[in-house]
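Next up, entry32.tsv (TSV, C-alpha atoms and all ligand atoms):
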chain	number	residue	atom	x	y	z
N	1	MET	CA	153.45	28.51	179.06
N	2	HIS	CA	155.78	31.47	178.81
N	3	HIS	CA	155.53	34.11	176.14
N	4	ARG	CA	158.98	35.62	176.39
N	5	LYS	CA	161.43	35.63	173.53
N	6	LEU	CA	164.34	33.30	174.21
N	7	ILE	CA	167.69	33.66	172.46
N	8	GLY	CA	170.42	31.09	173.03
N	9	LEU	CA	174.13	31.36	172.24
N	10	THR	CA	175.91	28.04	172.29
N	11	ALA	CA	179.51	27.13	171.38
N	12	PRO	CA	182.55	25.19	172.49
N	13	SER	CA	184.43	26.85	175.35
N	14	GLY	CA	186.92	29.43	174.05
N	15	THR	CA	185.00	30.29	170.88
N	16	GLY	CA	184.09	33.76	172.15
N	17	LYS	CA	180.51	33.17	173.26
N	18	SER	CA	180.65	35.17	176.52
N	19	SER	CA	182.36	38.12	174.81
N	20	LEU	CA	179.72	38.06	172.07
N	21	ALA	CA	176.93	37.75	174.66
N	22	LYS	CA	178.18	40.97	176.32
N	23	ARG	CA	178.05	42.77	172.97
N	24	VAL	CA	174.53	41.49	172.34
N	25	LEU	CA	173.39	42.83	175.73
N	26	ASP	CA	174.89	46.25	174.88
N	27	GLU	CA	173.19	46.26	171.49
N	28	PHE	CA	169.77	45.21	172.83
N	29	PRO	CA	169.25	47.10	176.09
N	30	SER	CA	165.81	45.57	176.56
N	31	MET	CA	167.32	42.08	176.75
N	32	ASN	CA	168.45	40.40	179.97
N	33	LEU	CA	171.04	37.69	180.52
N	34	SER	CA	169.81	34.52	182.15
N	35	VAL	CA	172.36	34.15	184.96
N	36	SER	CA	173.13	30.47	185.51
N	37	VAL	CA	174.13	28.61	188.64
N	38	THR	CA	177.48	26.81	188.58
N	39	THR	CA	179.78	24.79	190.83
N	40	ARG	CA	182.95	25.94	189.09
N	41	PRO	CA	185.05	28.54	190.92
N	42	PRO	CA	184.76	32.16	189.78
N	43	ARG	CA	187.44	33.68	187.54
N	44	PRO	CA	189.10	36.83	188.91
N	45	TYR	CA	186.89	39.21	186.93
N	46	GLU	CA	183.62	37.37	187.62
N	47	GLN	CA	181.06	38.53	190.18
N	48	HIS	CA	178.49	36.42	192.00
N	49	GLY	CA	175.09	37.21	190.47
N	50	ARG	CA	176.54	38.88	187.35
N	51	GLU	CA	178.24	36.12	185.29
N	52	TYR	CA	176.96	33.27	187.48
N	53	PHE	CA	175.59	32.36	190.86
N	54	PHE	CA	178.55	30.40	192.28
N	55	VAL	CA	177.45	27.60	194.62
N	56	SER	CA	178.84	24.45	196.24
N	57	VAL	CA	177.96	20.97	194.94
N	58	PRO	CA	175.56	20.30	197.88
N	59	GLU	CA	173.80	23.61	197.18
N	60	PHE	CA	173.52	22.69	193.51
N	61	GLU	CA	172.09	19.28	194.45
N	62	ARG	CA	169.53	20.99	196.63
N	63	LEU	CA	168.41	23.12	193.67
N	64	ILE	CA	167.97	19.93	191.62
N	65	THR	CA	165.92	18.30	194.39
N	66	GLU	CA	163.75	21.38	194.75
N	67	LYS	CA	163.17	21.39	190.98
N	68	ALA	CA	164.44	24.96	190.86
N	69	LEU	CA	166.35	24.38	187.63
N	70	LEU	CA	164.88	24.43	184.16
N	71	GLU	CA	167.77	22.27	182.98
N	72	TYR	CA	171.28	21.44	184.13
N	73	GLU	CA	174.34	19.67	182.77
N	74	GLU	CA	177.59	18.35	184.19
N	75	VAL	CA	179.47	20.07	181.38
N	76	TYR	CA	182.87	18.94	182.74
N	77	PRO	CA	183.50	16.30	185.42
N	78	GLY	CA	182.31	17.73	188.75
N	79	ARG	CA	181.38	21.05	187.11
N	80	PHE	CA	177.64	21.57	187.06
N	81	TYR	CA	175.81	24.40	185.28
N	82	GLY	CA	172.06	25.05	185.40
N	83	THR	CA	169.43	27.55	184.35
N	84	PRO	CA	167.20	28.76	187.19
N	85	LEU	CA	163.58	28.06	186.33
N	86	CYS	CA	162.39	31.31	187.93
N	87	THR	CA	164.51	33.35	185.49
N	88	LEU	CA	162.38	32.08	182.67
N	89	THR	CA	159.00	32.15	184.38
N	90	GLU	CA	159.55	35.66	185.78
N	91	ALA	CA	161.11	37.20	182.68
N	92	GLU	CA	159.34	40.21	181.26
N	93	THR	CA	161.94	40.96	178.59
N	94	PRO	CA	163.68	38.88	175.94
N	95	LEU	CA	166.19	36.56	177.63
N	96	LEU	CA	169.68	35.66	176.46
N	97	LEU	CA	171.03	32.24	177.41
N	98	ASP	CA	174.76	31.39	177.34
N	99	ILE	CA	174.46	27.62	177.44
N	100	ASP	CA	176.27	24.44	176.45
N	101	VAL	CA	175.12	22.44	173.40
N	102	LYS	CA	173.21	19.82	175.40
N	103	GLY	CA	171.35	22.34	177.56
N	104	ALA	CA	170.61	24.37	174.44
N	105	SER	CA	169.05	21.33	172.74
N	106	THR	CA	166.92	20.63	175.83
N	107	VAL	CA	165.65	24.20	176.20
N	108	ARG	CA	165.03	24.57	172.48
N	109	SER	CA	162.92	21.41	172.29
N	110	THR	CA	161.01	22.21	175.50
N	111	TYR	CA	160.46	25.96	175.24
N	112	GLY	CA	161.39	26.89	171.67
N	113	GLY	CA	163.32	30.10	171.09
N	114	PHE	CA	166.09	30.99	168.69
N	115	PHE	CA	169.48	29.33	169.12
N	116	ILE	CA	172.70	30.38	167.45
N	117	PHE	CA	175.68	28.03	167.34
N	118	ILE	CA	178.95	29.94	167.31
N	119	ALA	CA	181.88	28.10	165.74
N	120	PRO	CA	185.59	28.88	165.99
N	121	PRO	CA	187.42	29.36	162.65
N	122	THR	CA	189.59	26.29	163.45
N	123	VAL	CA	190.24	24.01	166.43
N	124	ASN	CA	193.80	25.41	166.64
N	125	GLU	CA	192.45	28.93	166.95
N	126	LEU	CA	190.03	27.74	169.65
N	127	GLU	CA	192.94	26.28	171.60
N	128	SER	CA	195.00	29.43	171.27
N	129	ARG	CA	192.07	31.63	172.44
N	130	LEU	CA	191.52	29.40	175.46
N	131	ARG	CA	195.23	29.51	176.31
N	132	SER	CA	195.56	33.23	175.87
N	133	ARG	CA	192.49	33.89	178.05
N	134	GLY	CA	194.71	32.54	180.84
N	135	THR	CA	191.85	31.28	183.00
N	136	GLU	CA	192.32	27.52	182.77
N	137	SER	CA	194.67	25.11	184.53
N	138	PRO	CA	196.40	22.58	182.23
N	139	ASP	CA	193.82	19.93	183.27
N	140	SER	CA	190.87	22.21	182.65
N	141	LEU	CA	192.27	23.26	179.28
N	142	LYS	CA	192.60	19.61	178.28
N	143	MET	CA	189.03	18.85	179.42
N	144	ARG	CA	187.64	21.79	177.47
N	145	LEU	CA	189.48	20.89	174.25
N	146	GLN	CA	188.38	17.27	174.58
N	147	ARG	CA	184.76	18.34	175.03
N	148	ALA	CA	185.00	20.84	172.13
N	149	LYS	CA	185.29	17.93	169.69
N	150	LEU	CA	181.88	16.60	170.78
N	151	GLU	CA	180.38	20.08	170.90
N	152	LEU	CA	181.38	20.86	167.31
N	153	THR	CA	179.26	17.93	166.10
N	154	TYR	CA	176.11	19.69	167.43
N	155	ALA	CA	176.38	22.67	165.04
N	156	ASP	CA	173.52	21.71	162.72
N	157	ARG	CA	170.95	21.19	165.48
N	158	PHE	CA	170.29	24.90	165.97
N	159	ASP	CA	168.68	27.76	164.06
N	160	ALA	CA	171.83	29.41	162.71
N	161	VAL	CA	175.61	28.99	162.68
N	162	VAL	CA	177.97	31.98	162.94
N	163	ILE	CA	181.74	31.61	162.62
N	164	ASN	CA	183.57	33.87	165.07
N	165	ASP	CA	186.63	34.74	162.98
N	166	SER	CA	186.46	38.53	162.93
N	167	PHE	CA	184.79	39.47	166.21
N	168	ASP	CA	183.05	42.55	164.80
N	169	GLU	CA	181.73	40.68	161.77
N	170	ALA	CA	180.42	37.85	163.95
N	171	ALA	CA	178.76	40.34	166.30
N	172	LYS	CA	177.05	42.10	163.39
N	173	GLU	CA	175.80	38.80	161.99
N	174	ILE	CA	174.42	37.82	165.40
N	175	PHE	CA	172.71	41.22	165.85
N	176	SER	CA	170.94	40.83	162.55
N	177	LEU	CA	169.84	37.26	163.27
N	178	ILE	CA	168.47	38.30	166.66
N	179	GLN	CA	166.72	41.36	165.23
N	180	GLY	CA	165.05	39.10	162.66
N	181	TYR	CA	163.80	36.80	165.43
N	182	LEU	CA	162.60	39.69	167.64
N	183	ASP	CA	160.69	41.22	164.71
N	184	LYS	CA	158.79	37.99	164.02
N	201	LIG	P1	183.73	31.48	175.64
N	201	LIG	O1	182.72	32.24	176.44
N	201	LIG	O2	183.15	30.91	174.38
N	201	LIG	O3	184.49	30.46	176.42
N	201	LIG	P2	185.29	33.98	175.59
N	201	LIG	O4	184.30	35.00	175.23
N	201	LIG	O5	185.80	33.94	176.98
N	201	LIG	O6	184.82	32.51	175.12
N	201	LIG	O7	186.51	34.15	174.58
N	201	LIG	C1	187.71	33.34	174.67
N	201	LIG	C2	188.94	34.23	174.41
N	201	LIG	O8	189.00	34.52	173.01
N	201	LIG	C3	188.89	35.55	175.15
N	201	LIG	O9	190.18	35.88	175.60
N	201	LIG	C4	188.40	36.53	174.06
N	201	LIG	O10	188.86	37.83	174.29
N	201	LIG	C5	188.99	35.93	172.79
N	201	LIG	N1	188.19	36.14	171.56
N	201	LIG	C6	186.84	36.13	171.42
N	201	LIG	N2	186.47	36.33	170.14
N	201	LIG	C7	187.61	36.46	169.42
N	201	LIG	C8	187.91	36.70	168.03
N	201	LIG	N3	186.93	36.82	167.11
N	201	LIG	N4	189.19	36.78	167.66
N	201	LIG	C9	190.18	36.65	168.58
N	201	LIG	N5	190.00	36.44	169.90
N	201	LIG	C10	188.73	36.35	170.33
N	202	LIG	P1	182.33	28.41	181.43
N	202	LIG	O1	182.90	27.58	182.55
N	202	LIG	O2	183.33	28.60	180.32
N	202	LIG	O3	181.73	29.71	181.91
N	202	LIG	O4	181.11	27.62	180.80
N	202	LIG	C1	181.28	26.33	180.32
N	202	LIG	C2	180.09	25.92	179.49
N	202	LIG	O5	178.91	25.84	180.30
N	202	LIG	C3	179.76	26.93	178.38
N	202	LIG	O6	179.45	26.18	177.21
N	202	LIG	C4	178.54	27.64	178.90
N	202	LIG	O7	177.72	28.14	177.86
N	202	LIG	C5	177.85	26.47	179.63
N	202	LIG	N1	176.79	26.92	180.54
N	202	LIG	C6	176.72	28.07	181.25
N	202	LIG	N2	175.57	28.13	181.95
N	202	LIG	C7	174.87	27.00	181.65
N	202	LIG	C8	173.59	26.49	182.06
N	202	LIG	O8	172.85	27.09	182.84
N	202	LIG	N3	173.24	25.29	181.56
N	202	LIG	C9	174.03	24.59	180.71
N	202	LIG	N4	173.57	23.44	180.25
N	202	LIG	N5	175.22	25.04	180.30
N	202	LIG	C10	175.65	26.23	180.77

In C-alpha cells, write the structure found in this file.
Amino acid sequence: MHHRKLIGLTAPSGTGKSSLAKRVLDEFPSMNLSVSVTTRPPRPYEQHGREYFFVSVPEFERLITEKALLEYEEVYPGRFYGTPLCTLTEAETPLLLDIDVKGASTVRSTYGGFFIFIAPPTVNELESRLRSRGTESPDSLKMRLQRAKLELTYADRFDAVVINDSFDEAAKEIFSLIQGYLDK
C-alpha cells in the first residue's frame, strides 16, 4: 500500500496537458512528475529521463515481462507508454501523472488518487493546436485525431473536468483543484 498523493492529468493529445503539467510542477515545487517509458521517438526539445525514458520495443517488452510497469497502454499502433512501478513505490512526494484515459482509469481504480480530465474547447481547436505544435507527421496527426474521439467519451469517469480554453484560466482552475485534494 502506498500513502503518496497521486494526481493525474488526462486528455486527448493536443489539448495542452503537457504544458499544463509543467505549470503545475512550477506551482507545486514539492510535487514530482512520474516520468513514463515510451517507444515513440523523442521530439526535438525532449530529453531522455525528463519528459520520458525513450526505449526500443524489445526493451519495453522486457519491462512488461519483468513486471516493472504499474500499467501500460499501446496508445497508438506500435507506440507503447507505461508508468514505472518503482516511481510510485519509491515516491516520497506527491506525484503527477500525465497519462492517457485508459491508463488513468486503471491507476485510479487500483491506487486511487485525484484525476483531472482536460478537454479542448472544440475538436477543431484541438486539431489546430496539434498542427501548430508541428511535432506530428500527417499519419501521426490522423491517428491522434482519430483516437481523440474515443478519449473525449471518457470525460465523466474522472474526478473533475477542466476546459483548456484560456490557458491561464485552466491552469488556475487546476491549481485550485489540486490544492483542495492536497489539503484533504
Ligand atoms: P498535449 O500534451 O495535451 O498533447 P501540449 O501541451 O503539447 O498538449 O499542447 C499542444 C499545443 O497547444 C502546444 O503547441 C501548446 O503550446 C498549445 N496550447 C496549449 N494550451 C493552449 C491554450 N489554452 N490555447 C492555445 N494553445 C494552447
Ligand atoms: P505523447 O506522445 O503526446 O507524449 O503522449 C500520448 C499519450 O500517451 C498522452 O495521452 C499521454 O498522457 C499518454 N501517456 C504518457 N505516459 C503514459 C503512461 O505511462 N501510461 C499511459 N497509459 N499513457 C501515457

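Between Gly8 in chain N and the candidates N:Thr83, N:Thr65, N:Asn164, N:Thr135, the tightest atom-to-atom separation, counting all atoms listed in the file, involves N:Thr83.
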
Could you make a table, as CSV, of the residues of chain N that have an atom within 10 Å of an atom of ligand LIG 202 (chain N), each with its nearest atom pair and distance in Å to one decimal, counting only C-alpha atoms and all ligand atoms, in chain and number order?
residue,atom,partner,partner_atom,distance
N:Gly8,CA,N:LIG202,O7,9.2
N:Leu9,CA,N:LIG202,O7,7.4
N:Thr10,CA,N:LIG202,O7,5.9
N:Ala11,CA,N:LIG202,O6,5.9
N:Pro12,CA,N:LIG202,O6,5.7
N:Ser13,CA,N:LIG202,O6,5.4
N:Gly14,CA,N:LIG202,O2,7.3
N:Thr15,CA,N:LIG202,O6,9.4
N:Gly16,CA,N:LIG202,O2,9.7
N:Lys17,CA,N:LIG202,O7,7.4
N:Ser18,CA,N:LIG202,O7,7.7
N:Ser34,CA,N:LIG202,O8,8.1
N:Val35,CA,N:LIG202,O8,7.4
N:Ser36,CA,N:LIG202,O8,4.3
N:Val37,CA,N:LIG202,O8,6.1
N:Thr38,CA,N:LIG202,N2,7.0
N:Thr39,CA,N:LIG202,O1,9.3
N:Arg40,CA,N:LIG202,O1,6.7
N:Pro41,CA,N:LIG202,O1,8.7
N:Pro42,CA,N:LIG202,O1,8.8
N:Arg43,CA,N:LIG202,O3,8.9
N:Glu46,CA,N:LIG202,O3,9.7
N:Glu51,CA,N:LIG202,O3,8.0
N:Tyr52,CA,N:LIG202,N2,7.7
N:Phe53,CA,N:LIG202,N2,9.9
N:Leu69,CA,N:LIG202,O8,8.5
N:Leu70,CA,N:LIG202,O8,8.5
N:Glu71,CA,N:LIG202,N3,6.4
N:Tyr72,CA,N:LIG202,N4,4.9
N:Glu73,CA,N:LIG202,N4,4.6
N:Glu74,CA,N:LIG202,N4,7.6
N:Val75,CA,N:LIG202,O5,5.9
N:Tyr76,CA,N:LIG202,C1,7.9
N:Arg79,CA,N:LIG202,O1,8.1
N:Phe80,CA,N:LIG202,C9,7.9
N:Tyr81,CA,N:LIG202,C8,4.4
N:Gly82,CA,N:LIG202,O8,3.4
N:Thr83,CA,N:LIG202,O8,3.8
N:Pro84,CA,N:LIG202,O8,7.3
N:Leu85,CA,N:LIG202,O8,10.0
N:Leu97,CA,N:LIG202,N2,7.6
N:Asp98,CA,N:LIG202,O7,4.4
N:Ile99,CA,N:LIG202,O7,3.3
N:Asp100,CA,N:LIG202,O6,3.7
N:Val101,CA,N:LIG202,O6,6.9
N:Lys102,CA,N:LIG202,N4,6.1
N:Gly103,CA,N:LIG202,N4,3.7
N:Ala104,CA,N:LIG202,N4,6.6
N:Ser105,CA,N:LIG202,N4,9.0
N:Thr106,CA,N:LIG202,N4,8.5
N:Val107,CA,N:LIG202,N4,8.9
N:Leu130,CA,N:LIG202,O2,9.6
N:Thr135,CA,N:LIG202,O2,9.3
N:Glu136,CA,N:LIG202,O2,9.4
N:Ser140,CA,N:LIG202,O1,9.6
N:Arg144,CA,N:LIG202,C1,8.3
N:Arg147,CA,N:LIG202,O6,9.7
N:Ala148,CA,N:LIG202,O6,9.2
N:Glu151,CA,N:LIG202,O6,8.8

Please define a box with edges along x, y and z of the file around all atoms of range 81-86 of chain N given in the file, extend it by 3 Å on each side, and return its centre and edge lengths in Å to one decimal, as JSON.
{"center_x": 169.1, "center_y": 27.9, "center_z": 186.1, "size_x": 19.4, "size_y": 12.9, "size_z": 9.6}

Would you be able to write out as a PyMOL selection string which residues have an atom within 12 Å of (175.3, 38.0, 168.3) in the file's coordinates, counting only C-alpha atoms?
chain N and resi 7-10+16-28+96-98+114-118+160-164+167-181

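For the choices N:Arg157, N:Arg133, N:Lys142, N:Lys184, the atom-to-atom distance to ligand LIG 201 (chain N) is smallest for N:Arg133 when using only C-alpha atoms and all ligand atoms.
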
Could you please fill out range 145-157 of chain N with N, CA, C and O atoms and send it back as an mmCIF file, keeping the file's coordinate frame?
data_model
loop_
_atom_site.group_PDB
_atom_site.id
_atom_site.type_symbol
_atom_site.label_atom_id
_atom_site.label_comp_id
_atom_site.auth_asym_id
_atom_site.auth_seq_id
_atom_site.Cartn_x
_atom_site.Cartn_y
_atom_site.Cartn_z
ATOM 1 N N LEU N 145 189.167 21.204 175.663
ATOM 2 C CA LEU N 145 189.480 20.890 174.250
ATOM 3 C C LEU N 145 188.899 19.539 173.858
ATOM 4 O O LEU N 145 188.397 19.349 172.747
ATOM 5 N N GLN N 146 188.948 18.594 174.795
ATOM 6 C CA GLN N 146 188.380 17.270 174.580
ATOM 7 C C GLN N 146 186.881 17.401 174.301
ATOM 8 O O GLN N 146 186.350 16.854 173.347
ATOM 9 N N ARG N 147 186.215 18.158 175.143
ATOM 10 C CA ARG N 147 184.760 18.340 175.030
ATOM 11 C C ARG N 147 184.395 19.112 173.751
ATOM 12 O O ARG N 147 183.341 18.886 173.173
ATOM 13 N N ALA N 148 185.281 20.022 173.323
ATOM 14 C CA ALA N 148 185.000 20.840 172.130
ATOM 15 C C ALA N 148 184.745 19.953 170.911
ATOM 16 O O ALA N 148 183.925 20.280 170.051
ATOM 17 N N LYS N 149 185.435 18.814 170.850
ATOM 18 C CA LYS N 149 185.290 17.930 169.690
ATOM 19 C C LYS N 149 183.853 17.416 169.597
ATOM 20 O O LYS N 149 183.256 17.370 168.521
ATOM 21 N N LEU N 150 183.277 17.043 170.741
ATOM 22 C CA LEU N 150 181.880 16.600 170.780
ATOM 23 C C LEU N 150 180.949 17.774 170.456
ATOM 24 O O LEU N 150 180.016 17.655 169.668
ATOM 25 N N GLU N 151 181.246 18.914 171.060
ATOM 26 C CA GLU N 151 180.380 20.080 170.900
ATOM 27 C C GLU N 151 180.271 20.523 169.442
ATOM 28 O O GLU N 151 179.200 20.928 168.982
ATOM 29 N N LEU N 152 181.386 20.418 168.716
ATOM 30 C CA LEU N 152 181.380 20.860 167.310
ATOM 31 C C LEU N 152 180.426 20.019 166.457
ATOM 32 O O LEU N 152 179.908 20.495 165.450
ATOM 33 N N THR N 153 180.161 18.794 166.873
ATOM 34 C CA THR N 153 179.260 17.930 166.100
ATOM 35 C C THR N 153 177.785 18.340 166.268
ATOM 36 O O THR N 153 176.929 17.810 165.574
ATOM 37 N N TYR N 154 177.499 19.258 167.186
ATOM 38 C CA TYR N 154 176.110 19.690 167.430
ATOM 39 C C TYR N 154 175.685 20.853 166.531
ATOM 40 O O TYR N 154 174.523 21.268 166.577
ATOM 41 N N ALA N 155 176.629 21.408 165.755
ATOM 42 C CA ALA N 155 176.380 22.670 165.040
ATOM 43 C C ALA N 155 175.047 22.719 164.297
ATOM 44 O O ALA N 155 174.325 23.708 164.362
ATOM 45 N N ASP N 156 174.694 21.630 163.601
ATOM 46 C CA ASP N 156 173.520 21.710 162.720
ATOM 47 C C ASP N 156 172.191 21.467 163.423
ATOM 48 O O ASP N 156 171.156 21.346 162.799
ATOM 49 N N ARG N 157 172.220 21.413 164.760
ATOM 50 C CA ARG N 157 170.950 21.190 165.480
ATOM 51 C C ARG N 157 170.241 22.484 165.842
ATOM 52 O O ARG N 157 169.195 22.470 166.475
#
